[in-house]
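Data first, discussion second: the structure below is written as structure tokens.
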Amino acid sequence: MILREALTEAATTIDRREAETLLAHLLSRDRPWLIAHSDTELSTTLLHDYRALIARRAAREPIQYLTAHQEFYGLDLRVTRDTLIPRPETELLVEAVLDWIAARPALRYPHILDIGTGTGAIALALASNLPTASLTATDLYPAPLAIAEQNAAHLGLTHRIAFLQSDLLASPIVQSFAPFDIIVSNPPYVSLYEAATMPDEVLKHEPHTALFAGAQGLDIFRRLLPAAHAALKPEGLLALEFGFGQLDDLRTLFEKPANGPWQDLTFLNDYARIPRIALATRP
């Protein structure tokens, strides 16, 4: 079967652009190459592998897991089923941290901690844009840490980031790096009640440990706020991503004396004008 016919067959099952992306991935080519070489004959083995990918995508497996790649803040990241797929909304968290640093020219060598690093997306984006920053990135599980380290090596940033296994800031090694100028995190924040309404593409394929955080989705925040407060320098920044409908509950957590005190609490909207980013500093 020639390339053009294989794409036409695939497009009866999944989106045409996705079909092109998967074939380009198998061939290690780009989409313009497919157009220019539409009469290329595909081997029996390659056609078999392509149809297997199409079947998996038709079953709603994320295309990022099929190609093992996702772009984030201009970086090409490897992703696997051990890691959450980085979202565009999380780029806003990176931008918020970069803007905060840019407004403080005296902070020439920021010391940053990324909690729950997953693919390493946030830490790597910050490292690539802050050549004088020192970064530590943690995750509870070794598998995503291994992916994050691979991404750092691929991007030539291994020497810039210390990757450590830790439950938030519980590890003595992580504590030894404190205090930090900035702590940033995109933690699990989905409530268990939301599972029934989530698309299969997310619920059946992405790691639940990176998604869910108790009945209200606030379990990690309850532990993270006091731990972050203790590990930040005075005037240091805590930057968090949170979920739909959690603004009021998160504000209440910030205002609890046992979790702070905090000042300059600010909430930023995502692209859909939904509150998504929380920023606060330690007095």
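In the structure tokens, the first chain shown is A, the next is B, and so on; residue numbers restart at 1 for each chain, and ligands run from 1 in the order shown.
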
Contact check, region 150-185 of chain A to region 237-249 of chain A, at most 6 Å, counting only C-alpha atoms, closest pairs as a tab-separated table:
```
residue	atom	partner	partner_atom	distance
A:Ile182	CA	A:Leu237	CA	4.7
A:Ile183	CA	A:Leu238	CA	4.9
A:Val184	CA	A:Ala239	CA	4.7
A:Ser185	CA	A:Leu240	CA	5.1
```

Output the selection as a PDB file, in the first residue's frame - C-alpha atoms for each residue.
```pdb
ATOM      1  CA  ILE A 182      10.746  30.288  44.569  1.00  0.00           C
ATOM      2  CA  ILE A 183       8.720  27.118  44.984  1.00  0.00           C
ATOM      3  CA  VAL A 184       6.576  26.178  42.002  1.00  0.00           C
ATOM      4  CA  SER A 185       4.225  23.233  41.604  1.00  0.00           C
TER       5      SER A 185
END
```

Name all residues at most 6 Å from region 259-272 of chain A (count only C-alpha atoms; drop same-chain ones fewer than 5 positions away) and give them as number ranges by chain.
A: 225-226, 277-282

Using only C-alpha atoms, which protein or nucleic acid residues come within 12 Å of Ile112 (chain A)? Drop anything in the same chain fewer than 6 positions from it, and give the result as a ChimeraX atom specification.
/A:94,97-98,101,122-124,126-127,130,132-138,160-162,174,177-185,228,231-233,236-239

How would the residues just picked look written out with N, CA, C and O atoms as a short mmCIF file (atom, residue, chain, number, x, y, z; two decimals), in the first residue's frame?
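Output below, filename result-v6.cif:
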```
data_model
loop_
_atom_site.label_atom_id
_atom_site.label_comp_id
_atom_site.auth_asym_id
_atom_site.auth_seq_id
_atom_site.Cartn_x
_atom_site.Cartn_y
_atom_site.Cartn_z
N VAL A 94 4.69 28.86 34.24
CA VAL A 94 6.08 29.21 33.93
C VAL A 94 6.19 30.71 33.66
O VAL A 94 7.09 31.39 34.18
N VAL A 97 6.07 32.84 36.83
CA VAL A 97 7.32 32.82 37.58
C VAL A 97 8.37 33.69 36.89
O VAL A 97 9.08 34.47 37.55
N LEU A 98 8.47 33.57 35.58
CA LEU A 98 9.44 34.38 34.84
C LEU A 98 9.14 35.87 34.98
O LEU A 98 10.06 36.69 35.15
N ILE A 101 10.20 37.08 38.46
CA ILE A 101 11.65 37.26 38.55
C ILE A 101 12.09 38.50 37.79
O ILE A 101 12.93 39.28 38.26
N ILE A 122 8.22 22.02 33.88
CA ILE A 122 8.34 23.35 34.49
C ILE A 122 9.80 23.67 34.77
O ILE A 122 10.29 24.75 34.42
N ALA A 123 10.50 22.74 35.41
CA ALA A 123 11.90 22.98 35.75
C ALA A 123 12.74 23.23 34.50
O ALA A 123 13.60 24.11 34.48
N LEU A 124 12.50 22.45 33.46
CA LEU A 124 13.29 22.59 32.23
C LEU A 124 12.98 23.90 31.52
O LEU A 124 13.88 24.55 30.98
N LEU A 126 11.98 26.66 32.97
CA LEU A 126 12.60 27.73 33.76
C LEU A 126 14.12 27.73 33.56
O LEU A 126 14.73 28.79 33.37
N ALA A 127 14.73 26.56 33.59
CA ALA A 127 16.19 26.49 33.41
C ALA A 127 16.62 27.03 32.05
O ALA A 127 17.64 27.71 31.94
N LEU A 130 16.36 30.87 32.32
CA LEU A 130 17.04 31.53 33.43
C LEU A 130 18.45 30.94 33.58
O LEU A 130 18.69 30.06 34.40
N THR A 132 21.09 31.83 34.97
CA THR A 132 21.81 31.97 36.24
C THR A 132 21.06 31.35 37.41
O THR A 132 21.50 31.45 38.56
N ALA A 133 19.94 30.69 37.15
CA ALA A 133 19.15 30.07 38.22
C ALA A 133 19.72 28.70 38.58
O ALA A 133 20.29 28.00 37.75
N SER A 134 19.52 28.32 39.84
CA SER A 134 19.80 26.94 40.27
C SER A 134 18.47 26.29 40.61
O SER A 134 17.61 26.91 41.24
N LEU A 135 18.27 25.05 40.16
CA LEU A 135 16.97 24.41 40.29
C LEU A 135 17.08 23.04 40.92
O LEU A 135 18.04 22.29 40.69
N THR A 136 16.07 22.72 41.72
CA THR A 136 15.86 21.39 42.26
C THR A 136 14.47 20.94 41.84
O THR A 136 13.52 21.74 41.89
N ALA A 137 14.34 19.71 41.39
CA ALA A 137 13.04 19.19 40.95
C ALA A 137 12.79 17.87 41.64
O ALA A 137 13.66 16.99 41.66
N THR A 138 11.59 17.72 42.21
CA THR A 138 11.27 16.50 42.96
C THR A 138 10.05 15.81 42.39
O THR A 138 9.20 16.42 41.75
N ARG A 160 22.12 21.69 35.31
CA ARG A 160 21.42 22.84 35.88
C ARG A 160 20.38 22.46 36.92
O ARG A 160 19.91 23.31 37.68
N ILE A 161 19.98 21.18 36.96
CA ILE A 161 18.85 20.77 37.81
C ILE A 161 19.23 19.53 38.61
O ILE A 161 19.74 18.55 38.06
N ALA A 162 18.94 19.58 39.91
CA ALA A 162 19.10 18.39 40.76
C ALA A 162 17.74 17.70 40.87
O ALA A 162 16.78 18.29 41.35
N VAL A 174 16.21 17.26 50.15
CA VAL A 174 15.52 18.44 49.62
C VAL A 174 15.57 19.56 50.66
O VAL A 174 15.83 20.72 50.33
N PHE A 177 18.57 21.77 50.73
CA PHE A 177 18.71 22.79 49.69
C PHE A 177 18.00 24.09 50.08
O PHE A 177 18.23 25.12 49.48
N ALA A 178 17.10 24.01 51.06
CA ALA A 178 16.34 25.18 51.49
C ALA A 178 17.26 26.17 52.21
O ALA A 178 18.32 25.79 52.72
N PRO A 179 16.86 27.46 52.27
CA PRO A 179 15.60 28.02 51.77
C PRO A 179 15.67 28.36 50.28
O PRO A 179 16.75 28.54 49.73
N PHE A 180 14.48 28.45 49.67
CA PHE A 180 14.36 28.72 48.24
C PHE A 180 13.80 30.12 48.01
O PHE A 180 13.02 30.64 48.82
N ASP A 181 14.19 30.71 46.89
CA ASP A 181 13.57 31.98 46.47
C ASP A 181 12.17 31.74 45.91
O ASP A 181 11.29 32.59 46.07
N ILE A 182 12.01 30.60 45.25
CA ILE A 182 10.75 30.29 44.57
C ILE A 182 10.45 28.80 44.72
O ILE A 182 11.34 27.97 44.52
N ILE A 183 9.22 28.49 45.05
CA ILE A 183 8.72 27.12 44.98
C ILE A 183 7.54 27.12 44.02
O ILE A 183 6.60 27.91 44.16
N VAL A 184 7.61 26.25 43.03
CA VAL A 184 6.58 26.18 42.00
C VAL A 184 6.08 24.74 41.91
O VAL A 184 6.85 23.79 42.07
N SER A 185 4.77 24.59 41.67
CA SER A 185 4.23 23.23 41.60
C SER A 185 2.94 23.19 40.80
O SER A 185 2.08 24.08 40.92
N ALA A 228 5.83 24.56 52.19
CA ALA A 228 6.46 25.56 51.33
C ALA A 228 6.79 26.83 52.11
O ALA A 228 7.86 27.43 51.92
N ALA A 231 9.94 26.50 53.89
CA ALA A 231 11.14 26.31 53.06
C ALA A 231 11.47 27.52 52.20
O ALA A 231 12.48 27.50 51.49
N LEU A 232 10.65 28.56 52.23
CA LEU A 232 10.90 29.75 51.42
C LEU A 232 11.70 30.79 52.19
O LEU A 232 11.58 30.93 53.41
N LYS A 233 12.49 31.56 51.46
CA LYS A 233 13.12 32.74 52.04
C LYS A 233 12.07 33.82 52.29
O LYS A 233 11.00 33.80 51.65
N GLY A 236 9.95 35.25 49.52
CA GLY A 236 9.98 34.22 48.49
C GLY A 236 8.61 33.92 47.94
O GLY A 236 7.57 34.14 48.60
N LEU A 237 8.57 33.38 46.72
CA LEU A 237 7.32 33.16 45.98
C LEU A 237 6.91 31.69 45.99
O LEU A 237 7.73 30.80 45.76
N LEU A 238 5.61 31.48 46.23
CA LEU A 238 4.99 30.18 45.98
C LEU A 238 4.05 30.34 44.80
O LEU A 238 3.16 31.20 44.81
N ALA A 239 4.24 29.53 43.76
CA ALA A 239 3.43 29.60 42.54
C ALA A 239 2.81 28.24 42.28
O ALA A 239 3.53 27.23 42.18
#
```

In region 21-204 of chain A, DSSP helix (DSSP H, G or I) residues written as an MDAnalysis selection string
chainID A and resid 21:27 31:36 44:58 63:67 88:102 121:129 142:154 158:160 172:177 192:197 200:203

Neighbour list for Leu145 (chain A) as a PDB file with C-alpha atoms, in the first residue's frame, cut-off 9 Å, only C-alpha atoms, skip fewer than 3 positions in-chain:
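Here's the written file result-v1.pdb:
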```pdb
ATOM      1  CA  THR A 117       8.112  17.588  38.319  1.00  0.00           C
ATOM      2  CA  GLY A 118       6.717  14.725  36.171  1.00  0.00           C
ATOM      3  CA  THR A 119       8.340  15.127  32.751  1.00  0.00           C
ATOM      4  CA  GLY A 120      10.422  17.967  34.163  1.00  0.00           C
ATOM      5  CA  ALA A 137      13.042  19.193  40.950  1.00  0.00           C
ATOM      6  CA  THR A 138      11.275  16.501  42.958  1.00  0.00           C
ATOM      7  CA  ASP A 139       8.779  13.743  42.356  1.00  0.00           C
ATOM      8  CA  LEU A 140       7.315  11.074  44.595  1.00  0.00           C
ATOM      9  CA  TYR A 141       7.951   8.289  42.079  1.00  0.00           C
ATOM     10  CA  PRO A 142      11.182   7.125  40.399  1.00  0.00           C
ATOM     11  CA  ALA A 148      12.627  14.109  33.600  1.00  0.00           C
ATOM     12  CA  GLU A 149      16.332  13.303  33.743  1.00  0.00           C
ATOM     13  CA  GLN A 150      16.226  11.974  30.182  1.00  0.00           C
ATOM     14  CA  PHE A 163      16.393  15.702  40.422  1.00  0.00           C
ATOM     15  CA  LEU A 164      15.388  14.140  43.758  1.00  0.00           C
ATOM     16  CA  GLN A 165      12.772  11.643  44.893  1.00  0.00           C
TER      17      GLN A 165
END
```

Do a neighbour search on Ile54 (chain A) at 8 Å with only C-alpha atoms, toss out local chain neighbours closer than 2 positions, and write the hits as a short mmCIF file (atom, residue, chain, number, x, y, z; two decimals) with all heavy atoms, in the first residue's frame.
```
data_model
loop_
_atom_site.label_atom_id
_atom_site.label_comp_id
_atom_site.auth_asym_id
_atom_site.auth_seq_id
_atom_site.Cartn_x
_atom_site.Cartn_y
_atom_site.Cartn_z
N ALA A 10 -6.60 5.43 7.17
CA ALA A 10 -6.55 5.82 8.58
C ALA A 10 -7.55 6.92 8.90
O ALA A 10 -8.15 6.95 9.97
CB ALA A 10 -5.14 6.28 8.94
N THR A 13 -10.97 6.40 10.36
CA THR A 13 -11.07 5.98 11.76
C THR A 13 -10.75 7.09 12.73
O THR A 13 -11.40 7.25 13.76
CB THR A 13 -10.13 4.79 12.03
OG1 THR A 13 -10.41 3.75 11.10
CG2 THR A 13 -10.30 4.27 13.45
N ILE A 14 -9.71 7.89 12.41
CA ILE A 14 -9.30 8.98 13.29
C ILE A 14 -9.14 10.25 12.47
O ILE A 14 -9.25 10.24 11.24
CB ILE A 14 -7.97 8.65 14.01
CG1 ILE A 14 -6.81 8.58 13.02
CG2 ILE A 14 -8.08 7.36 14.81
CD1 ILE A 14 -5.44 8.49 13.68
N ALA A 19 -3.68 11.22 11.92
CA ALA A 19 -3.17 10.12 11.10
C ALA A 19 -1.83 10.49 10.47
O ALA A 19 -0.90 9.68 10.42
CB ALA A 19 -4.19 9.76 10.02
N LEU A 22 0.97 10.48 13.20
CA LEU A 22 1.42 9.13 13.57
C LEU A 22 2.28 8.51 12.48
O LEU A 22 3.28 7.84 12.78
CB LEU A 22 0.21 8.24 13.87
CG LEU A 22 -0.56 8.60 15.14
CD1 LEU A 22 -1.80 7.72 15.26
CD2 LEU A 22 0.33 8.45 16.36
N TYR A 50 1.66 0.80 11.70
CA TYR A 50 0.84 2.01 11.55
C TYR A 50 -0.62 1.71 11.92
O TYR A 50 -1.25 2.46 12.67
CB TYR A 50 0.94 2.52 10.12
CG TYR A 50 0.20 3.81 9.87
CD1 TYR A 50 0.32 4.90 10.73
CD2 TYR A 50 -0.63 3.95 8.75
CE1 TYR A 50 -0.35 6.08 10.49
CE2 TYR A 50 -1.31 5.13 8.50
CZ TYR A 50 -1.17 6.19 9.38
OH TYR A 50 -1.84 7.37 9.14
N ARG A 51 -1.14 0.61 11.43
CA ARG A 51 -2.52 0.25 11.75
C ARG A 51 -2.70 -0.01 13.24
O ARG A 51 -3.75 0.28 13.81
CB ARG A 51 -2.93 -0.97 10.92
CG ARG A 51 -3.22 -0.63 9.45
CD ARG A 51 -3.40 -1.88 8.61
NE ARG A 51 -3.86 -1.55 7.26
CZ ARG A 51 -3.83 -2.40 6.24
NH1 ARG A 51 -3.36 -3.64 6.41
NH2 ARG A 51 -4.27 -2.02 5.05
N ALA A 52 -1.66 -0.54 13.87
CA ALA A 52 -1.74 -0.77 15.33
C ALA A 52 -1.82 0.56 16.07
O ALA A 52 -2.59 0.70 17.03
CB ALA A 52 -0.52 -1.56 15.79
N ARG A 56 -4.97 2.07 18.39
CA ARG A 56 -4.80 2.58 19.75
C ARG A 56 -5.33 4.00 19.87
O ARG A 56 -5.95 4.36 20.87
CB ARG A 56 -3.32 2.52 20.14
CG ARG A 56 -2.79 1.11 20.34
CD ARG A 56 -1.28 1.07 20.46
NE ARG A 56 -0.81 1.80 21.64
CZ ARG A 56 0.49 2.02 21.89
NH1 ARG A 56 1.42 1.57 21.03
NH2 ARG A 56 0.85 2.68 22.97
N ARG A 57 -5.11 4.80 18.84
CA ARG A 57 -5.64 6.18 18.88
C ARG A 57 -7.16 6.17 18.80
O ARG A 57 -7.83 6.97 19.47
CB ARG A 57 -5.05 7.00 17.73
CG ARG A 57 -5.55 8.45 17.71
CD ARG A 57 -5.22 9.16 18.99
NE ARG A 57 -5.90 10.45 19.06
CZ ARG A 57 -6.40 10.97 20.18
NH1 ARG A 57 -6.31 10.30 21.32
NH2 ARG A 57 -6.97 12.14 20.16
N ALA A 58 -7.72 5.26 18.01
CA ALA A 58 -9.18 5.14 17.92
C ALA A 58 -9.78 4.74 19.26
O ALA A 58 -10.93 5.08 19.55
CB ALA A 58 -9.55 4.13 16.84
#
```

Measuring atom to atom with only C-alpha atoms, identify which of A:Thr45, A:Gln64, A:Thr209, A:Gln175 is nearest to Pro86 (chain A).
A:Gln64

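Put simply, CA of His37 (chain A) is 17.7 Å away from CA of Ala11 (chain A).
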
Taking the chain letters and numbering used in this document, name the residues of region 54-271 of chain A that DSSP puts in strand (DSSP E), as JSON, numbers by chain.
{"A": [69, 70, 71, 72, 75, 76, 77, 78, 111, 112, 113, 114, 115, 134, 135, 136, 137, 138, 139, 161, 162, 163, 164, 165, 180, 181, 182, 183, 184, 185, 232, 233, 234, 235, 236, 237, 238, 239, 240, 241, 263, 264, 265, 266, 267, 268, 269]}

Residues just named, written with C-alpha atoms as a PDB file, in the first residue's frame:
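Printed below is result_25.pdb as written:
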```pdb
ATOM      1  CA  HIS A  69       6.592  13.413  22.559  1.00  0.00           C
ATOM      2  CA  GLN A  70       4.962  16.642  23.664  1.00  0.00           C
ATOM      3  CA  GLU A  71       6.010  20.236  23.057  1.00  0.00           C
ATOM      4  CA  PHE A  72       6.036  22.505  26.118  1.00  0.00           C
ATOM      5  CA  LEU A  75      10.864  22.389  24.339  1.00  0.00           C
ATOM      6  CA  ASP A  76      10.517  18.878  22.916  1.00  0.00           C
ATOM      7  CA  LEU A  77       9.777  16.576  25.853  1.00  0.00           C
ATOM      8  CA  ARG A  78       9.577  12.805  26.070  1.00  0.00           C
ATOM      9  CA  HIS A 111      17.092  29.342  43.772  1.00  0.00           C
ATOM     10  CA  ILE A 112      14.014  27.412  42.592  1.00  0.00           C
ATOM     11  CA  LEU A 113      12.237  24.231  43.668  1.00  0.00           C
ATOM     12  CA  ASP A 114       9.785  22.439  41.350  1.00  0.00           C
ATOM     13  CA  ILE A 115       7.574  19.993  43.269  1.00  0.00           C
ATOM     14  CA  SER A 134      19.798  26.944  40.273  1.00  0.00           C
ATOM     15  CA  LEU A 135      16.973  24.412  40.295  1.00  0.00           C
ATOM     16  CA  THR A 136      15.861  21.391  42.257  1.00  0.00           C
ATOM     17  CA  ALA A 137      13.042  19.193  40.950  1.00  0.00           C
ATOM     18  CA  THR A 138      11.275  16.501  42.958  1.00  0.00           C
ATOM     19  CA  ASP A 139       8.779  13.743  42.356  1.00  0.00           C
ATOM     20  CA  ILE A 161      18.851  20.773  37.808  1.00  0.00           C
ATOM     21  CA  ALA A 162      19.096  18.387  40.763  1.00  0.00           C
ATOM     22  CA  PHE A 163      16.393  15.702  40.422  1.00  0.00           C
ATOM     23  CA  LEU A 164      15.388  14.140  43.758  1.00  0.00           C
ATOM     24  CA  GLN A 165      12.772  11.643  44.893  1.00  0.00           C
ATOM     25  CA  PHE A 180      14.363  28.720  48.239  1.00  0.00           C
ATOM     26  CA  ASP A 181      13.574  31.979  46.469  1.00  0.00           C
ATOM     27  CA  ILE A 182      10.746  30.288  44.569  1.00  0.00           C
ATOM     28  CA  ILE A 183       8.720  27.118  44.984  1.00  0.00           C
ATOM     29  CA  VAL A 184       6.576  26.178  42.002  1.00  0.00           C
ATOM     30  CA  SER A 185       4.225  23.233  41.604  1.00  0.00           C
ATOM     31  CA  LEU A 232      10.900  29.747  51.418  1.00  0.00           C
ATOM     32  CA  LYS A 233      13.121  32.739  52.039  1.00  0.00           C
ATOM     33  CA  PRO A 234      11.418  35.909  53.295  1.00  0.00           C
ATOM     34  CA  GLU A 235       9.696  37.558  50.302  1.00  0.00           C
ATOM     35  CA  GLY A 236       9.985  34.216  48.491  1.00  0.00           C
ATOM     36  CA  LEU A 237       7.322  33.165  45.981  1.00  0.00           C
ATOM     37  CA  LEU A 238       4.989  30.183  45.983  1.00  0.00           C
ATOM     38  CA  ALA A 239       3.435  29.600  42.539  1.00  0.00           C
ATOM     39  CA  LEU A 240       0.750  26.934  42.081  1.00  0.00           C
ATOM     40  CA  GLU A 241      -1.563  25.590  39.414  1.00  0.00           C
ATOM     41  CA  GLN A 263       0.952  38.029  51.529  1.00  0.00           C
ATOM     42  CA  ASP A 264       0.306  39.386  48.014  1.00  0.00           C
ATOM     43  CA  LEU A 265      -2.058  36.508  47.204  1.00  0.00           C
ATOM     44  CA  THR A 266      -2.933  36.768  43.505  1.00  0.00           C
ATOM     45  CA  PHE A 267      -4.955  34.557  41.175  1.00  0.00           C
ATOM     46  CA  LEU A 268      -4.454  34.457  37.400  1.00  0.00           C
ATOM     47  CA  ASN A 269      -6.819  33.123  34.737  1.00  0.00           C
TER      48      ASN A 269
END
```
